[in-house]
Structure formats: C-alpha cells, structure tokens
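Here is the structure we will look at, set down as structure tokens.
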Amino acid sequence: QSQATFSATAGQTYQMTVDGKQAAAGYLVLTWGPATPSPAAPTTNDAFANACVLSGPLGRASASSVNATKEAGEPYHAGVPDGKTVWFLWKAPGSGCVSFDTARSDFDTLMAAYQGSGLASLTRLAANNDIGNFTRQSRILFRVTAGQDYLIAVGGVQTFSGATRDGAVQLAWRFDAGAGGNDFFANAQALSGPHGVAFGVNSDASREPDEPVRADNPGGKSIWYRWTAPVSGPAIFDSAGTQFDAPFFNYALLTVYAGSALDSLTSLADNCLP
C-alpha cells in the first residue's frame, strides 16, 4: 500500500487523506510514526512465560530477536518455518478491534495472536507473514473482548538455507471500538502522539467539490485525518494493511497536506502503491 514521508515541524498541524484508486472502497489502516525507528531493546521476552506486558489502547514496544530461540512445543505461527520468537502480552481495554504490526522492524517477520495459558493450549486468533507483496513485515487485526488477555508472538522467517532472520522488533498496536465519520475535510479524525495506528471505512465516503486530485488519480472515496506534529523531524505515514473490495484496484491514495482549508492545501507528500 502507500507511504508518504515528509519533514514535520513541532506544533504544525498536517492534514492527510486516504482514498481508493478508481474509487475502490473497503477497510483502511493508517499508521504513522518517526521515519527513523527507535533502537531495539535487548531480548528479555524470548520465552512464552516471560512475555513483555503491554498496556493501553495504543503504543509501541521494542525488542531484539537476535539471541531469541524457539521453545519446545512452540507452533509455527503463520504456516511457514520460523524461529527466534519473542512474546508480548496485552489486556484488552474494551471490546472492539485491535491491530498489531511490525512495520518498523528491520527484518522479514511473521506474527500471530493467541489466547491460552501455555504453549500446549494456545488458540490462534490471527496470523500473518507479509503485509503485502513488497512488504516483508507483518500485521494482524482481530476482535477482542474487554478484560481478556491476548498473546502476540513475533518471529523471523527461515531462509532456504535454514537460517532464521532476526533483528530489531518494533511492535505497534492500536485498539479501536469503531471506525467511520471522517468523510469530509471539516470532520477529519484527529490523530495524536508521535506514532500510532488508525482504522477507517470509506465504503460510504465521497469526494468534496474542492477536493484536490492526489497521486495523479481522481479517487472518489476519500476520508480525512488531522495530526499535529509533537516534535520536528522526518515523519512517515503508510496505509499497509488496507483492504479494498476491488481486486484489480487495491491501491490506496495517500497524501499529506499543510493548510487549514480544503481549497488552499499545499501537498507535502503523496503516494499510490499496490
């Protein structure tokens, strides 16, 4: 999917829109954060029993899988040979949908979500190897129930030679009880913080009369977001994980603007990739 990188100035507000090429509609995911990820933390959550505890509706956690292992009895997490797994434990703050991704990790990952009290009694809820054809990191989305615990496993894919890929794991998550309502520029969904994930649905969205053309494509079903940069520096937004209902036009149109009115926006970055 699409990615837009630009230099953000602290305190400046930016507008961004995500649309479907040729008016494709479906379920959208927008991820943002610093263009340069934070360094990975040492491996302390290699074992299932030592899963790193995550809290809150959104956030980011770091780990290193370089010295991680695969435990006896641990399943293949996404249907392909893997290894060097690190574990995370998250309690749902409410009922709804949650997204976990490794988009900022620096190696070919795979991941899965489970419930269960031990390796022998895990129930898999979601799994993913690659976000897309050209994105070797992973993303999973699944429904959760308030107060329940969920286990996330992140591992490396094995090469043809049998070696397991490893590196700096950057895990981001975002819980959302619902999505929609940001069809018009004036109703842009507010994003906050240095990084995060937002969901959206553009099935009933439209194109406003003064809305600019983005990525050299008219689109037609755009939704809007608004973000104020907390610090100055390079920022990156991507739509990896977006799923449209048009198999031949599964392209997201992503554009970042500066400006406070629809008819006077300045485009800072745009992209249209499958």
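Just remember, in the structure tokens the first chain shown is A, the second B, etc., residues are 1-based per chain, and ligands are 1-based in the order shown.
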Notebook entry, point to check: Skipping near chain neighbours, those fewer than 2 positions away, what residues fall within 12 Å of region 230-237 of chain A using only C-alpha atoms, listed as JSON, numbers by chain?
Noted result: {"A": [1, 2, 3, 4, 5, 6, 7, 8, 9, 10, 11, 12, 13, 14, 15, 16, 17, 18, 29, 30, 31, 32, 33, 34, 35, 36, 37, 103, 104, 191, 192, 193, 194, 195, 196, 197, 198, 225, 226, 227, 228, 239, 240, 253, 254, 255, 256, 268, 269, 270, 271]}
Note to self: Can you tell me, as a PyMOL selection string, which residues in region 4-108 of chain A count as strand (DSSP E or B) by DSSP?
What the structure shows: chain A and resi 4-8+13-20+26-34+52-54+58-64+82-91+96-101
Notebook entry, point to check: What are the DSSP helix (DSSP H, G or I) residues of region 175-248 of chain A, as a PyMOL selection string?
Noted result: chain A and resi 185-187+247-248
Atoms kept (C-alpha atoms) for selection, written as an mmCIF file, in the first residue's frame:
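Result written to result-v4.cif:
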data_model
loop_
_atom_site.group_PDB
_atom_site.id
_atom_site.type_symbol
_atom_site.label_atom_id
_atom_site.label_comp_id
_atom_site.auth_asym_id
_atom_site.auth_seq_id
_atom_site.Cartn_x
_atom_site.Cartn_y
_atom_site.Cartn_z
ATOM 1 C CA PHE A 185 -12.260 17.570 5.458
ATOM 2 C CA ALA A 186 -14.009 19.520 8.236
ATOM 3 C CA ASN A 187 -14.635 16.274 10.146
ATOM 4 C CA PRO A 247 -9.102 -6.802 -6.604
ATOM 5 C CA PHE A 248 -7.678 -5.014 -9.646
#
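Taking CA of Gly147 (chain A) and CA of Ala127 (chain A) as the two end points, the separation is 21.6 Å.
If only C-alpha atoms are the atoms counted, then among A:Asp216, A:Asp263, A:Asp106, A:Glu208 the closest residue to Ser138 (chain A) is A:Asp106.
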Next item on the list: Have a look at A:Val154, A:Cys97, A:Met111, A:Ala261 and name the one nearest to Val169 (chain A); count only C-alpha atoms.
Entry: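 Distance minimum relative to Val169 (chain A) lands on A:Val154.
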Next item on the list: Considering only C-alpha atoms, state which residue in the set A:Leu119, A:Thr242, A:Ala252, A:Ser62 is at the smallest distance from Gly220 (chain A).
Entry: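 Answer, going by the shortest atom-to-atom distance: A:Ala252.
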Notebook entry, point to check: At what distance in Å, to one decimal, does CA of Val98 (chain A) lie from CA of Glu71 (chain A)?
Noted result: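 Atom-to-atom, CA of Glu71 (chain A) to CA of Val98 (chain A), that is 26.5 Å.
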